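A quick write-up on the structure given underneath.
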Amino acid sequence: MLAQRLPGLLPPLTSAELLETSMVHSVAGLIARGTLSRSRPFRAPHHSASMAALTGGGHRAKPGEVSLAHNGVLFLDELPEFGVQALDSLRAPLETGEVMVARANAHVRYPARVQLVAAMNPCRCGHGGAGRGACGKAPRCQRDYQGRVSGPLIDRIDLAIDMPAVTAADLSLPPPPEGSAEAAARVARARRLQAERAADMDGGEALNGRAEGAFLEKITALDEPGRALLAQAAEAGRISARGWTRVLRLARTIADLEGADTVRRVHVAEALAYRRTATVGDEALQG
């Protein structure tokens with residue numbers, strides 16, 4: 001349910017994004033009578049989906065789910081139940097934002113810039129984790145089940161959030177002060193800040209999630225406590241070289257959502273807290 005609400009928090013597709021998304025869907029035969037929508041795509045393939053179904057393939061090399069979700073959300077429920085090869089085939093698209101479908105008679109390149117959201121139980125039986133009954137096979141059950149997701153794929157996931165079971169008392173609580181409309185407005189403000197900053201700095205990517213190299217260093221410009229904390233996490237082996245870049249991007253985004261001009265230690269600490277470097281529990285994961 002949370003994953004399905006995510007596209008509603010994102011701004012409508014721009015004209016360029018609408019054109020890209022429509023072209024991919026047209027190739028896949030999903031556009032009827034030229035119908036277009038500015039809503040961001042949301043794709044939720046079943047865990048029995050093959051590697052070809054996720055990344056593309058077939059005799060005519062049609063786009064897969066990761067390309068059909070371009071500029072939108074790709075949701076993988078019951079993450080460890082997907083095939084190992086199918087999951088690992090997403091590693092390159094998540095890194096580069098595109099997928100190459102190779103066939104004997106052609107090589108086709110499709111865009112695949114997505115927000116990956118995944119969910120999983122802490123173990124196969126579903127009884128492990130906070131707020132649940134005891135698992136009779138713990139901790140081996142959790143370790144074996146979570147071990148189906150490779151470390152390199154986990155390293156490409158920026159946010160890992162524990163989602164304890166909802167209780168009857170939770171259902172009786174009043175609604176939160178920030179609803180979907182308020183959250184969407186905050187996201188829109190943060191994106192405008194990113195676009196304005198990129199324009200001022202000449203040539204950088206408008207979104208933090210695509211920033212890299214010197215431009216990323218320039219827009220983060222950590223204070224000394226923040227840089228020391230990030231260096232300490234790297235020395236302790238908590239983050240990889242890829243993780244360093246992703247933490248910087250996430251910390252900048254956290255600061256933008258807060259309306260802060262600079263990235264401080266508190267933003268780096270929050271970004272580090274969201275990462276998983278080993279196993280993952282009952283979580284919703286976004287990359």
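In the structure tokens, the first chain shown is A, the next is B, and so on; residue numbers restart at 1 for each chain, and ligands run from 1 in the order shown.
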
Alpha helix (DSSP H) residues, from DSSP on the backbone, in stretch 103-273 of chain A, as an NGL selection string: :A and (140-146 or 151-155 or 168-171 or 180-200 or 213-220 or 224-235 or 241-258 or 265-273)

Which residues are near stretch 45-55 of chain A? Cut-off 9 Å, only C-alpha atoms, ignore same chain within fewer than 5 positions. Put them as a ChimeraX atom specification. /A:63-67,74-83,85-90,93,99-101,112

Keeping C-alpha atoms, export the residues of the selection given above as a PDB file, in the first residue's frame.
ATOM      1  CA  PRO A  63      11.329  -3.684 -22.899  1.00  0.00           C
ATOM      2  CA  GLY A  64      11.061  -5.359 -19.496  1.00  0.00           C
ATOM      3  CA  GLU A  65       9.510  -4.199 -16.249  1.00  0.00           C
ATOM      4  CA  VAL A  66      12.494  -2.052 -15.266  1.00  0.00           C
ATOM      5  CA  SER A  67      12.089  -0.054 -18.497  1.00  0.00           C
ATOM      6  CA  LEU A  74       9.366  -0.489  -9.767  1.00  0.00           C
ATOM      7  CA  PHE A  75       7.951  -2.406  -6.788  1.00  0.00           C
ATOM      8  CA  LEU A  76       9.246  -5.883  -5.951  1.00  0.00           C
ATOM      9  CA  ASP A  77       7.162  -7.540  -3.250  1.00  0.00           C
ATOM     10  CA  GLU A  78       8.607 -10.558  -1.401  1.00  0.00           C
ATOM     11  CA  LEU A  79      12.075  -9.647  -2.649  1.00  0.00           C
ATOM     12  CA  PRO A  80      13.917 -12.905  -1.738  1.00  0.00           C
ATOM     13  CA  GLU A  81      11.327 -14.954  -3.634  1.00  0.00           C
ATOM     14  CA  PHE A  82      12.575 -13.558  -6.954  1.00  0.00           C
ATOM     15  CA  GLY A  83      15.181 -15.624  -8.755  1.00  0.00           C
ATOM     16  CA  GLN A  85      19.650 -14.182 -11.623  1.00  0.00           C
ATOM     17  CA  ALA A  86      16.570 -12.023 -12.111  1.00  0.00           C
ATOM     18  CA  LEU A  87      17.460  -9.797  -9.151  1.00  0.00           C
ATOM     19  CA  ASP A  88      21.123  -9.483 -10.066  1.00  0.00           C
ATOM     20  CA  SER A  89      20.174  -8.502 -13.619  1.00  0.00           C
ATOM     21  CA  LEU A  90      18.844  -5.252 -12.115  1.00  0.00           C
ATOM     22  CA  PRO A  93      20.232  -0.740 -14.755  1.00  0.00           C
ATOM     23  CA  VAL A  99      19.397  -1.619 -19.878  1.00  0.00           C
ATOM     24  CA  MET A 100      20.982  -3.312 -22.882  1.00  0.00           C
ATOM     25  CA  VAL A 101      19.027  -6.175 -24.449  1.00  0.00           C
ATOM     26  CA  ALA A 112      15.537   2.364 -17.020  1.00  0.00           C
TER      27      ALA A 112
END

Spatial neighbours of A:Leu94, max dist 8 Å, only C-alpha atoms, sep filter under 5 positions, as number ranges by chain: A: 112-114, 156, 287

Those same residues, written as a PDB file, in the first residue's frame with C-alpha atoms?
ATOM      1  CA  ALA A 112      15.537   2.364 -17.020  1.00  0.00           C
ATOM      2  CA  ARG A 113      15.720   5.271 -14.574  1.00  0.00           C
ATOM      3  CA  VAL A 114      13.489   3.996 -11.776  1.00  0.00           C
ATOM      4  CA  ARG A 156      22.460  -0.141  -4.358  1.00  0.00           C
ATOM      5  CA  GLY A 287      16.918   2.654  -4.251  1.00  0.00           C
TER       6      GLY A 287
END

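Rounded to one decimal, atom CA of A:Ala269 and atom CA of A:Ala231 lie 11.7 Å from each other.
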
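Here the question is which of A:Leu30, A:Met163, A:Ile254, A:Val149 gets nearest to A:Arg186 using only C-alpha atoms, and that residue is A:Ile254.
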
Stretch 78-276 of chain A: residues DSSP assigns to strand (DSSP E or B), reported as a ChimeraX atom specification: /A:98-103,106-111,115-120,159-162

Just how far from atom CA of A:Gly126 is atom CA of A:Gln142, in Å to one decimal? 9.1 Å

Residues within 12 Å of A:Gly179, please, as a list of chain:residue names. Count only C-alpha atoms; anything in the same chain fewer than 4 positions from it doesn't count. A:Arg5, A:Gly8, A:Leu9, A:Pro174, A:Pro175, A:Ala183, A:Ala184, A:Ala185, A:Arg186

Can you write just those residues out, C-alpha atoms, as a PDB file, in the first residue's frame?
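What ended up in selection.pdb:
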ATOM      1  CA  ARG A   5       1.143   5.728  -2.842  1.00  0.00           C
ATOM      2  CA  GLY A   8       1.375  10.296  -5.869  1.00  0.00           C
ATOM      3  CA  LEU A   9       4.083  12.019  -3.842  1.00  0.00           C
ATOM      4  CA  PRO A 174      -5.593  10.069  14.784  1.00  0.00           C
ATOM      5  CA  PRO A 175      -4.225  10.748  11.285  1.00  0.00           C
ATOM      6  CA  ALA A 183       4.252  15.503   1.713  1.00  0.00           C
ATOM      7  CA  ALA A 184       3.919  15.945  -2.062  1.00  0.00           C
ATOM      8  CA  ALA A 185       4.289  19.717  -1.655  1.00  0.00           C
ATOM      9  CA  ARG A 186       7.449  19.220   0.410  1.00  0.00           C
TER      10      ARG A 186
END

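As for atom CA of A:Ala160 and atom CA of A:Asp261, they are spaced 25.4 Å apart.
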
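Between A:Leu18 and the candidates A:Gln194, A:Ser37, A:Thr167, A:Thr253, the tightest atom-to-atom separation, counting only C-alpha atoms, involves A:Ser37.
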
Would you mind listing, for every residue of stretch 241-266 of chain A within 10 Å of stretch 272-275 of chain A, the two atoms forming the shortest contact and the distance between them in Å to one decimal, using only C-alpha atoms, sorted by chain and ascending residue number, as a Markdown table?
| residue | atom | partner | partner_atom | distance |
| --- | --- | --- | --- | --- |
| A:Gly243 | CA | A:Arg275 | CA | 8.5 |
| A:Trp244 | CA | A:Leu272 | CA | 9.4 |
| A:Arg246 | CA | A:Arg275 | CA | 9.6 |
| A:Val247 | CA | A:Leu272 | CA | 6.5 |
| A:Leu248 | CA | A:Leu272 | CA | 9.5 |
| A:Leu250 | CA | A:Leu272 | CA | 8.9 |
| A:Ala251 | CA | A:Leu272 | CA | 8.5 |
| A:Val266 | CA | A:Leu272 | CA | 9.9 |

For a quick check of understanding, using only C-alpha atoms, which of A:Asp170, A:Glu258, A:Glu224, A:Glu235 has the smallest distance to A:Ala190? A:Glu258
